[in-house]
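Shown below: my_file-v5.pdb, with PDB, N, CA and C atoms.
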MODEL        1
ATOM      1  N   ALA U  22     -22.068  33.114  -2.226
ATOM      2  CA  ALA U  22     -22.684  32.448  -3.368
ATOM      3  C   ALA U  22     -22.350  30.947  -3.307
ATOM      4  N   PRO U  23     -23.215  30.106  -3.806
ATOM      5  CA  PRO U  23     -22.958  28.653  -3.794
ATOM      6  C   PRO U  23     -21.684  28.278  -4.553
ATOM      7  N   GLU U  24     -21.398  29.020  -5.610
ATOM      8  CA  GLU U  24     -20.201  28.726  -6.392
ATOM      9  C   GLU U  24     -18.940  28.953  -5.560
ATOM     10  N   ASN U  25     -18.901  30.016  -4.793
ATOM     11  CA  ASN U  25     -17.754  30.296  -3.929
ATOM     12  C   ASN U  25     -17.607  29.236  -2.829
ATOM     13  N   ALA U  26     -18.714  28.788  -2.297
ATOM     14  CA  ALA U  26     -18.676  27.741  -1.269
ATOM     15  C   ALA U  26     -18.104  26.444  -1.846
ATOM     16  N   LEU U  27     -18.477  26.125  -3.071
ATOM     17  CA  LEU U  27     -17.954  24.924  -3.726
ATOM     18  C   LEU U  27     -16.440  25.033  -3.926
ATOM     19  N   TYR U  28     -15.974  26.188  -4.382
ATOM     20  CA  TYR U  28     -14.535  26.401  -4.542
ATOM     21  C   TYR U  28     -13.814  26.288  -3.193
ATOM     22  N   ALA U  29     -14.425  26.809  -2.151
ATOM     23  CA  ALA U  29     -13.821  26.731  -0.819
ATOM     24  C   ALA U  29     -13.697  25.273  -0.370
ATOM     25  N   LEU U  30     -14.737  24.462  -0.611
ATOM     26  CA  LEU U  30     -14.688  23.046  -0.239
ATOM     27  C   LEU U  30     -13.623  22.300  -1.025
ATOM     28  N   ILE U  31     -13.512  22.595  -2.316
ATOM     29  CA  ILE U  31     -12.497  21.944  -3.142
ATOM     30  C   ILE U  31     -11.103  22.335  -2.648
ATOM     31  N   GLY U  32     -10.922  23.601  -2.337
ATOM     32  CA  GLY U  32      -9.634  24.068  -1.816
ATOM     33  C   GLY U  32      -9.292  23.430  -0.487
ATOM     34  N   LEU U  33     -10.283  23.296   0.384
ATOM     35  CA  LEU U  33     -10.071  22.670   1.690
ATOM     36  C   LEU U  33      -9.686  21.198   1.528
ATOM     37  N   TYR U  34     -10.355  20.501   0.625
ATOM     38  CA  TYR U  34     -10.051  19.096   0.366
ATOM     39  C   TYR U  34      -8.623  18.952  -0.160
ATOM     40  N   ALA U  35      -8.256  19.771  -1.138
ATOM     41  CA  ALA U  35      -6.910  19.714  -1.721
ATOM     42  C   ALA U  35      -5.849  20.027  -0.668
ATOM     43  N   THR U  36      -6.112  20.992   0.185
ATOM     44  CA  THR U  36      -5.161  21.350   1.241
ATOM     45  C   THR U  36      -4.989  20.205   2.237
ATOM     46  N   SER U  37      -6.086  19.580   2.638
ATOM     47  CA  SER U  37      -5.984  18.484   3.610
ATOM     48  C   SER U  37      -5.250  17.292   3.019
ATOM     49  N   LYS U  38      -5.479  16.982   1.744
ATOM     50  CA  LYS U  38      -4.771  15.871   1.101
ATOM     51  C   LYS U  38      -3.277  16.180   0.983
ATOM     52  N   THR U  39      -2.946  17.427   0.680
ATOM     53  CA  THR U  39      -1.537  17.825   0.581
ATOM     54  C   THR U  39      -0.843  17.706   1.935
ATOM     55  N   ILE U  40      -1.499  18.133   2.991
ATOM     56  CA  ILE U  40      -0.928  18.021   4.339
ATOM     57  C   ILE U  40      -0.739  16.558   4.710
ATOM     58  N   ASP U  41      -1.730  15.713   4.417
ATOM     59  CA  ASP U  41      -1.593  14.276   4.689
ATOM     60  C   ASP U  41      -0.403  13.692   3.947
ATOM     61  N   PHE U  42      -0.247  14.070   2.681
ATOM     62  CA  PHE U  42       0.852  13.556   1.869
ATOM     63  C   PHE U  42       2.202  13.989   2.441
ATOM     64  N   VAL U  43       2.308  15.208   2.876
ATOM     65  CA  VAL U  43       3.566  15.716   3.437
ATOM     66  C   VAL U  43       3.889  14.995   4.744
ATOM     67  N   GLN U  44       2.884  14.734   5.554
ATOM     68  CA  GLN U  44       3.112  14.088   6.854
ATOM     69  C   GLN U  44       3.419  12.601   6.718
ATOM     70  N   THR U  45       2.694  11.898   5.858
ATOM     71  CA  THR U  45       2.842  10.442   5.783
ATOM     72  C   THR U  45       3.713   9.975   4.638
ATOM     73  N   GLY U  46       3.907  10.784   3.626
ATOM     74  CA  GLY U  46       4.705  10.382   2.472
ATOM     75  C   GLY U  46       3.895   9.537   1.516
ATOM     76  N   ILE U  47       4.581   9.041   0.498
ATOM     77  CA  ILE U  47       3.895   8.297  -0.559
ATOM     78  C   ILE U  47       3.756   6.811  -0.240
ATOM     79  N   ALA U  48       4.602   6.287   0.631
ATOM     80  CA  ALA U  48       4.627   4.853   0.913
ATOM     81  C   ALA U  48       3.597   4.496   1.975
ATOM     82  N   ILE U  49       2.343   4.412   1.573
ATOM     83  CA  ILE U  49       1.284   4.023   2.505
ATOM     84  C   ILE U  49       1.218   2.504   2.559
ATOM     85  N   SER U  50       1.257   1.970   3.749
ATOM     86  CA  SER U  50       1.181   0.528   3.938
ATOM     87  C   SER U  50      -0.230   0.148   4.359
ATOM     88  N   LYS U  51      -0.486  -1.140   4.304
ATOM     89  CA  LYS U  51      -1.777  -1.687   4.723
ATOM     90  C   LYS U  51      -1.528  -2.673   5.854
ATOM     91  N   VAL U  52      -2.459  -2.726   6.762
ATOM     92  CA  VAL U  52      -2.402  -3.730   7.821
ATOM     93  C   VAL U  52      -3.612  -4.635   7.646
ATOM     94  N   ALA U  53      -3.361  -5.937   7.713
ATOM     95  CA  ALA U  53      -4.433  -6.916   7.558
ATOM     96  C   ALA U  53      -4.553  -7.722   8.841
ATOM     97  N   PHE U  54      -5.772  -7.857   9.302
ATOM     98  CA  PHE U  54      -6.082  -8.740  10.423
ATOM     99  C   PHE U  54      -6.848  -9.916   9.843
ATOM    100  N   ILE U  55      -6.324 -11.108  10.043
ATOM    101  CA  ILE U  55      -6.921 -12.318   9.479
ATOM    102  C   ILE U  55      -7.381 -13.199  10.630
ATOM    103  N   ILE U  56      -8.681 -13.428  10.698
ATOM    104  CA  ILE U  56      -9.254 -14.281  11.740
ATOM    105  C   ILE U  56      -9.576 -15.609  11.076
ATOM    106  N   THR U  57      -8.940 -16.668  11.567
ATOM    107  CA  THR U  57      -8.994 -17.943  10.862
ATOM    108  C   THR U  57      -8.984 -19.129  11.807
ATOM    109  N   ASP U  58      -9.480 -20.249  11.304
ATOM    110  CA  ASP U  58      -9.385 -21.527  12.012
ATOM    111  C   ASP U  58      -8.159 -22.313  11.542
ATOM    112  N   CYS U  59      -7.437 -21.793  10.539
ATOM    113  CA  CYS U  59      -6.259 -22.464   9.981
ATOM    114  C   CYS U  59      -5.026 -21.567  10.091
ATOM    115  N   PRO U  60      -4.653 -21.156  11.296
ATOM    116  CA  PRO U  60      -3.567 -20.182  11.403
ATOM    117  C   PRO U  60      -2.219 -20.709  10.913
ATOM    118  N   GLU U  61      -1.916 -21.961  11.180
ATOM    119  CA  GLU U  61      -0.596 -22.492  10.808
ATOM    120  C   GLU U  61      -0.393 -22.472   9.299
ATOM    121  N   ALA U  62      -1.406 -22.858   8.544
ATOM    122  CA  ALA U  62      -1.289 -22.881   7.087
ATOM    123  C   ALA U  62      -1.138 -21.465   6.525
ATOM    124  N   ILE U  63      -1.890 -20.516   7.069
ATOM    125  CA  ILE U  63      -1.784 -19.130   6.593
ATOM    126  C   ILE U  63      -0.438 -18.534   6.985
ATOM    127  N   ILE U  64       0.049 -18.847   8.175
ATOM    128  CA  ILE U  64       1.372 -18.378   8.583
ATOM    129  C   ILE U  64       2.420 -18.841   7.576
ATOM    130  N   GLN U  65       2.348 -20.092   7.172
ATOM    131  CA  GLN U  65       3.340 -20.623   6.232
ATOM    132  C   GLN U  65       3.296 -19.911   4.878
ATOM    133  N   VAL U  66       2.102 -19.663   4.335
ATOM    134  CA  VAL U  66       2.049 -19.002   3.025
ATOM    135  C   VAL U  66       2.474 -17.542   3.117
ATOM    136  N   VAL U  67       2.161 -16.881   4.226
ATOM    137  CA  VAL U  67       2.587 -15.484   4.380
ATOM    138  C   VAL U  67       4.105 -15.420   4.507
ATOM    139  N   LEU U  68       4.683 -16.300   5.302
ATOM    140  CA  LEU U  68       6.132 -16.293   5.486
ATOM    141  C   LEU U  68       6.877 -16.666   4.213
ATOM    142  N   HIS U  69       6.403 -17.690   3.501
ATOM    143  CA  HIS U  69       7.164 -18.224   2.371
ATOM    144  C   HIS U  69       6.743 -17.653   1.018
ATOM    145  N   ASP U  70       5.457 -17.526   0.766
ATOM    146  CA  ASP U  70       5.000 -17.055  -0.546
ATOM    147  C   ASP U  70       4.974 -15.529  -0.633
ATOM    148  N   LEU U  71       4.649 -14.875   0.465
ATOM    149  CA  LEU U  71       4.584 -13.413   0.478
ATOM    150  C   LEU U  71       5.879 -12.801   1.008
ATOM    151  N   ASP U  72       6.683 -13.604   1.687
ATOM    152  CA  ASP U  72       7.957 -13.169   2.274
ATOM    153  C   ASP U  72       7.762 -12.000   3.239
ATOM    154  N   ARG U  73       6.752 -12.124   4.084
ATOM    155  CA  ARG U  73       6.447 -11.120   5.111
ATOM    156  C   ARG U  73       6.379 -11.800   6.464
ATOM    157  N   GLY U  74       6.707 -11.047   7.491
ATOM    158  CA  GLY U  74       6.520 -11.518   8.854
ATOM    159  C   GLY U  74       5.095 -11.206   9.294
ATOM    160  N   LEU U  75       4.714 -11.741  10.420
ATOM    161  CA  LEU U  75       3.385 -11.484  10.943
ATOM    162  C   LEU U  75       3.378 -11.696  12.436
ATOM    163  N   THR U  76       2.311 -11.241  13.052
ATOM    164  CA  THR U  76       2.133 -11.410  14.494
ATOM    165  C   THR U  76       0.861 -12.201  14.730
ATOM    166  N   ARG U  77       0.974 -13.198  15.580
ATOM    167  CA  ARG U  77      -0.192 -14.022  15.919
ATOM    168  C   ARG U  77      -0.754 -13.541  17.251
ATOM    169  N   LEU U  78      -2.023 -13.192  17.227
ATOM    170  CA  LEU U  78      -2.711 -12.730  18.429
ATOM    171  C   LEU U  78      -3.780 -13.746  18.796
ATOM    172  N   ASP U  79      -4.049 -13.878  20.071
ATOM    173  CA  ASP U  79      -5.124 -14.753  20.517
ATOM    174  C   ASP U  79      -6.375 -13.920  20.691
ATOM    175  N   GLY U  80      -7.465 -14.382  20.114
ATOM    176  CA  GLY U  80      -8.724 -13.669  20.210
ATOM    177  C   GLY U  80      -9.851 -14.597  20.629
ATOM    178  N   ARG U  81     -10.966 -13.998  20.945
ATOM    179  CA  ARG U  81     -12.149 -14.768  21.350
ATOM    180  C   ARG U  81     -13.350 -14.134  20.680
ATOM    181  N   GLY U  82     -14.170 -14.941  20.054
ATOM    182  CA  GLY U  82     -15.364 -14.447  19.371
ATOM    183  C   GLY U  82     -16.312 -13.784  20.356
ATOM    184  N   GLY U  83     -16.796 -12.615  20.000
ATOM    185  CA  GLY U  83     -17.716 -11.891  20.869
ATOM    186  C   GLY U  83     -19.073 -12.561  20.976
ATOM    187  N   PHE U  84     -19.526 -13.185  19.912
ATOM    188  CA  PHE U  84     -20.834 -13.830  19.909
ATOM    189  C   PHE U  84     -20.747 -15.254  20.437
ATOM    190  N   THR U  85     -19.766 -16.024  19.909
ATOM    191  CA  THR U  85     -19.690 -17.438  20.267
ATOM    192  C   THR U  85     -18.834 -17.699  21.502
ATOM    193  N   GLY U  86     -17.878 -16.820  21.769
ATOM    194  CA  GLY U  86     -16.946 -17.053  22.860
ATOM    195  C   GLY U  86     -15.843 -18.025  22.502
ATOM    196  N   ASP U  87     -15.839 -18.503  21.240
ATOM    197  CA  ASP U  87     -14.821 -19.456  20.799
ATOM    198  C   ASP U  87     -13.476 -18.753  20.635
ATOM    199  N   GLU U  88     -12.408 -19.489  20.966
ATOM    200  CA  GLU U  88     -11.074 -18.945  20.770
ATOM    201  C   GLU U  88     -10.724 -18.995  19.294
ATOM    202  N   ARG U  89     -10.105 -17.926  18.820
ATOM    203  CA  ARG U  89      -9.702 -17.806  17.418
ATOM    204  C   ARG U  89      -8.300 -17.219  17.367
ATOM    205  N   SER U  90      -7.593 -17.544  16.318
ATOM    206  CA  SER U  90      -6.308 -16.906  16.066
ATOM    207  C   SER U  90      -6.537 -15.687  15.184
ATOM    208  N   VAL U  91      -5.868 -14.607  15.520
ATOM    209  CA  VAL U  91      -5.901 -13.390  14.714
ATOM    210  C   VAL U  91      -4.471 -13.141  14.259
ATOM    211  N   LEU U  92      -4.272 -13.102  12.952
ATOM    212  CA  LEU U  92      -2.959 -12.863  12.396
ATOM    213  C   LEU U  92      -2.906 -11.431  11.898
ATOM    214  N   MET U  93      -1.866 -10.704  12.287
ATOM    215  CA  MET U  93      -1.697  -9.324  11.858
ATOM    216  C   MET U  93      -0.505  -9.266  10.911
ATOM    217  N   VAL U  94      -0.749  -8.780   9.693
ATOM    218  CA  VAL U  94       0.282  -8.707   8.663
ATOM    219  C   VAL U  94       0.297  -7.289   8.114
ATOM    220  N   VAL U  95       1.486  -6.696   8.019
ATOM    221  CA  VAL U  95       1.638  -5.384   7.391
ATOM    222  C   VAL U  95       2.257  -5.606   6.022
ATOM    223  N   VAL U  96       1.603  -5.087   4.991
ATOM    224  CA  VAL U  96       2.070  -5.264   3.616
ATOM    225  C   VAL U  96       2.053  -3.927   2.892
ATOM    226  N   GLY U  97       2.760  -3.881   1.792
ATOM    227  CA  GLY U  97       2.698  -2.712   0.933
ATOM    228  C   GLY U  97       1.400  -2.727   0.141
ATOM    229  N   ARG U  98       1.065  -1.598  -0.417
ATOM    230  CA  ARG U  98      -0.178  -1.466  -1.175
ATOM    231  C   ARG U  98      -0.264  -2.482  -2.314
ATOM    232  N   GLY U  99       0.869  -2.756  -2.972
ATOM    233  CA  GLY U  99       0.888  -3.679  -4.098
ATOM    234  C   GLY U  99       0.772  -5.146  -3.719
ATOM    235  N   GLU U 100       0.931  -5.461  -2.449
ATOM    236  CA  GLU U 100       0.884  -6.856  -1.992
ATOM    237  C   GLU U 100      -0.489  -7.287  -1.486
ATOM    238  N   VAL U 101      -1.420  -6.370  -1.431
ATOM    239  CA  VAL U 101      -2.733  -6.672  -0.848
ATOM    240  C   VAL U 101      -3.469  -7.746  -1.636
ATOM    241  N   SER U 102      -3.493  -7.636  -2.950
ATOM    242  CA  SER U 102      -4.249  -8.610  -3.742
ATOM    243  C   SER U 102      -3.638 -10.000  -3.627
ATOM    244  N   LYS U 103      -2.309 -10.097  -3.591
ATOM    245  CA  LYS U 103      -1.673 -11.405  -3.433
ATOM    246  C   LYS U 103      -1.989 -11.993  -2.065
ATOM    247  N   LEU U 104      -1.977 -11.162  -1.023
ATOM    248  CA  LEU U 104      -2.335 -11.638   0.316
ATOM    249  C   LEU U 104      -3.760 -12.183   0.324
ATOM    250  N   LYS U 105      -4.692 -11.456  -0.269
ATOM    251  CA  LYS U 105      -6.085 -11.915  -0.297
ATOM    252  C   LYS U 105      -6.221 -13.236  -1.049
ATOM    253  N   GLN U 106      -5.500 -13.382  -2.152
ATOM    254  CA  GLN U 106      -5.552 -14.632  -2.915
ATOM    255  C   GLN U 106      -4.999 -15.801  -2.102
ATOM    256  N   LEU U 107      -3.885 -15.572  -1.424
ATOM    257  CA  LEU U 107      -3.279 -16.635  -0.624
ATOM    258  C   LEU U 107      -4.191 -17.064   0.521
ATOM    259  N   VAL U 108      -4.771 -16.089   1.213
ATOM    260  CA  VAL U 108      -5.651 -16.409   2.342
ATOM    261  C   VAL U 108      -6.881 -17.162   1.849
ATOM    262  N   LYS U 109      -7.463 -16.699   0.758
ATOM    263  CA  LYS U 109      -8.664 -17.359   0.219
ATOM    264  C   LYS U 109      -8.369 -18.787  -0.209
ATOM    265  N   ALA U 110      -7.190 -19.031  -0.773
ATOM    266  CA  ALA U 110      -6.825 -20.378  -1.200
ATOM    267  C   ALA U 110      -6.662 -21.319  -0.012
ATOM    268  N   VAL U 111      -6.152 -20.806   1.103
ATOM    269  CA  VAL U 111      -5.921 -21.646   2.279
ATOM    270  C   VAL U 111      -7.186 -21.801   3.112
ATOM    271  N   ASP U 112      -7.894 -20.698   3.364
ATOM    272  CA  ASP U 112      -9.093 -20.722   4.208
ATOM    273  C   ASP U 112     -10.151 -19.792   3.625
ATOM    274  N   PRO U 113     -11.029 -20.317   2.775
ATOM    275  CA  PRO U 113     -12.061 -19.476   2.165
ATOM    276  C   PRO U 113     -13.014 -18.847   3.180
ATOM    277  N   LYS U 114     -13.069 -19.395   4.401
ATOM    278  CA  LYS U 114     -13.966 -18.863   5.419
ATOM    279  C   LYS U 114     -13.290 -17.841   6.338
ATOM    280  N   ALA U 115     -12.023 -17.534   6.072
ATOM    281  CA  ALA U 115     -11.302 -16.579   6.913
ATOM    282  C   ALA U 115     -11.965 -15.208   6.824
ATOM    283  N   PHE U 116     -11.917 -14.486   7.923
ATOM    284  CA  PHE U 116     -12.446 -13.125   8.002
ATOM    285  C   PHE U 116     -11.245 -12.194   7.943
ATOM    286  N   VAL U 117     -11.187 -11.339   6.934
ATOM    287  CA  VAL U 117     -10.015 -10.502   6.701
ATOM    288  C   VAL U 117     -10.418  -9.033   6.759
ATOM    289  N   ILE U 118      -9.679  -8.272   7.544
ATOM    290  CA  ILE U 118      -9.884  -6.826   7.645
ATOM    291  C   ILE U 118      -8.603  -6.169   7.145
ATOM    292  N   ILE U 119      -8.725  -5.290   6.162
ATOM    293  CA  ILE U 119      -7.559  -4.598   5.616
ATOM    294  C   ILE U 119      -7.817  -3.102   5.723
ATOM    295  N   SER U 120      -6.845  -2.400   6.300
ATOM    296  CA  SER U 120      -7.006  -0.953   6.421
ATOM    297  C   SER U 120      -5.662  -0.262   6.210
ATOM    298  N   ASP U 121      -5.734   1.045   5.967
ATOM    299  CA  ASP U 121      -4.527   1.849   5.776
ATOM    300  C   ASP U 121      -3.821   2.032   7.111
ATOM    301  N   THR U 122      -2.527   2.120   7.037
ATOM    302  CA  THR U 122      -1.739   2.490   8.195
ATOM    303  C   THR U 122      -0.765   3.574   7.759
ATOM    304  N   ALA U 123      -0.686   4.618   8.514
ATOM    305  CA  ALA U 123       0.070   5.793   8.086
ATOM    306  C   ALA U 123       1.572   5.637   8.278
ATOM    307  N   GLU U 124       1.988   4.868   9.265
ATOM    308  CA  GLU U 124       3.415   4.788   9.549
ATOM    309  C   GLU U 124       3.769   3.411  10.076
ATOM    310  N   VAL U 125       4.812   2.833   9.504
ATOM    311  CA  VAL U 125       5.289   1.518   9.941
ATOM    312  C   VAL U 125       6.788   1.640  10.151
ATOM    313  N   LEU U 126       7.240   1.256  11.321
ATOM    314  CA  LEU U 126       8.666   1.297  11.642
ATOM    315  C   LEU U 126       9.110  -0.103  11.991
ATOM    316  N   GLY U 127      10.219  -0.542  11.438
ATOM    317  CA  GLY U 127      10.726  -1.847  11.781
ATOM    318  C   GLY U 127      11.305  -2.570  10.593
ATOM    319  N   GLU U 128      11.719  -3.806  10.835
ATOM    320  CA  GLU U 128      12.386  -4.592   9.819
ATOM    321  C   GLU U 128      11.481  -4.814   8.611
ATOM    322  N   GLY U 129      12.026  -4.584   7.441
ATOM    323  CA  GLY U 129      11.269  -4.759   6.215
ATOM    324  C   GLY U 129      10.575  -3.495   5.747
ATOM    325  N   PHE U 130      10.605  -2.449   6.563
ATOM    326  CA  PHE U 130       9.981  -1.188   6.212
ATOM    327  C   PHE U 130      10.983  -0.081   6.432
ATOM    328  N   ASN U 131      10.910   0.952   5.607
ATOM    329  CA  ASN U 131      11.856   2.058   5.686
ATOM    330  C   ASN U 131      11.672   2.849   6.972
ATOM    331  N   LEU U 132      12.760   3.117   7.621
ATOM    332  CA  LEU U 132      12.734   3.978   8.800
ATOM    333  C   LEU U 132      12.965   5.404   8.339
ATOM    334  N   PRO U 133      12.247   6.380   8.934
ATOM    335  CA  PRO U 133      12.435   7.761   8.495
ATOM    336  C   PRO U 133      13.785   8.321   8.883
TER     337      PRO U 133
ENDMDL
END

For this file, write the structure as structure tokens.
Amino acid sequence: APENALYALIGLYATSKTIDFVQTGIAISKVAFIITDCPEAIIQVVLHDLDRGLTRLDGRGGFTGDERSVLMVVVGRGEVSKLKQLVKAVDPKAFVIISDTAEVLGEGFNLP
């Protein structure tokens, strides 16, 4: 019956979310990739205003072939909005990608 199928889907969804929670825990972090023409200024605000470290990667535009700096920053879920505000204030044209990351090991983050 369609009703039973709906219950099965809801149960499957709840089970998968529970398994994800058990495996990754509650402390989900975010990773941000910031592609900018003003890397030095953004590095300074991330280091001093956000009090986070970051990694600078060298990139090249696929369409233009121009060299660009890509900054990778790992932040907690609560720091995402502040990071976006800081980046926008320094470089409104920056391209920012923010996604979930399931596990972060290292300084500034809890080790299991």

Put the listed atoms of region 113-120 of chain U in a box along x, y and z with 5 Å added on every side and give me the centre and edge lengths in Å to one decimal, as JSON.
{"center_x": -9.8, "center_y": -10.3, "center_z": 5.1, "size_x": 18.3, "size_y": 30.1, "size_z": 15.8}

Would you be able to write out as a short mmCIF file (atom, residue, chain, number, x, y, z; two decimals) with N, CA and C atoms, in the frame of the given file which residues have an atom within 5 Å of (-1.2, -7.1, 8.9) in the file's coordinates, counting only N, CA and C atoms?
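What follows is the written file point38.cif:
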data_model
loop_
_atom_site.label_atom_id
_atom_site.label_comp_id
_atom_site.auth_asym_id
_atom_site.auth_seq_id
_atom_site.Cartn_x
_atom_site.Cartn_y
_atom_site.Cartn_z
N VAL U 52 -2.46 -2.73 6.76
CA VAL U 52 -2.40 -3.73 7.82
C VAL U 52 -3.61 -4.64 7.65
N ALA U 53 -3.36 -5.94 7.71
CA ALA U 53 -4.43 -6.92 7.56
C ALA U 53 -4.55 -7.72 8.84
N PHE U 54 -5.77 -7.86 9.30
CA PHE U 54 -6.08 -8.74 10.42
C PHE U 54 -6.85 -9.92 9.84
N MET U 93 -1.87 -10.70 12.29
CA MET U 93 -1.70 -9.32 11.86
C MET U 93 -0.50 -9.27 10.91
N VAL U 94 -0.75 -8.78 9.69
CA VAL U 94 0.28 -8.71 8.66
C VAL U 94 0.30 -7.29 8.11
N VAL U 95 1.49 -6.70 8.02
CA VAL U 95 1.64 -5.38 7.39
C VAL U 95 2.26 -5.61 6.02
#

Interatomic distance, CA of Val91 (chain U) to atom N of Ile49 (chain U) (Å, one decimal): 23.6 Å

Picked from chain U by DSSP as strand (DSSP E or B), as a PyMOL selection string: chain U and resi 50-57+76-81+88-97+116-122

Test item: residues at most 8 Å from Ala62 (chain U), only N, CA and C atoms, excluding those fewer than 3 positions along its chain, as an MDAnalysis selection string: chainID U and resid 58:59 65:68 108 111:112

Residue IDs satisfying the PyMOL selection byres (((chain U and resi 115 and name CA) around 8) and name CA), as a list in words: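 With the shown file as input, the PyMOL selection byres (((chain U and resi 115 and name CA) around 8) and name CA) matches Ile55, Ile56, Thr57, Asp58, Val108, Lys109, Asp112, Pro113, Lys114, Phe116 and Val117 of chain U.
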
Interatomic distance (Å, one decimal) between atom N of Leu126 (chain U) and atom C of Arg98 (chain U): 16.0 Å
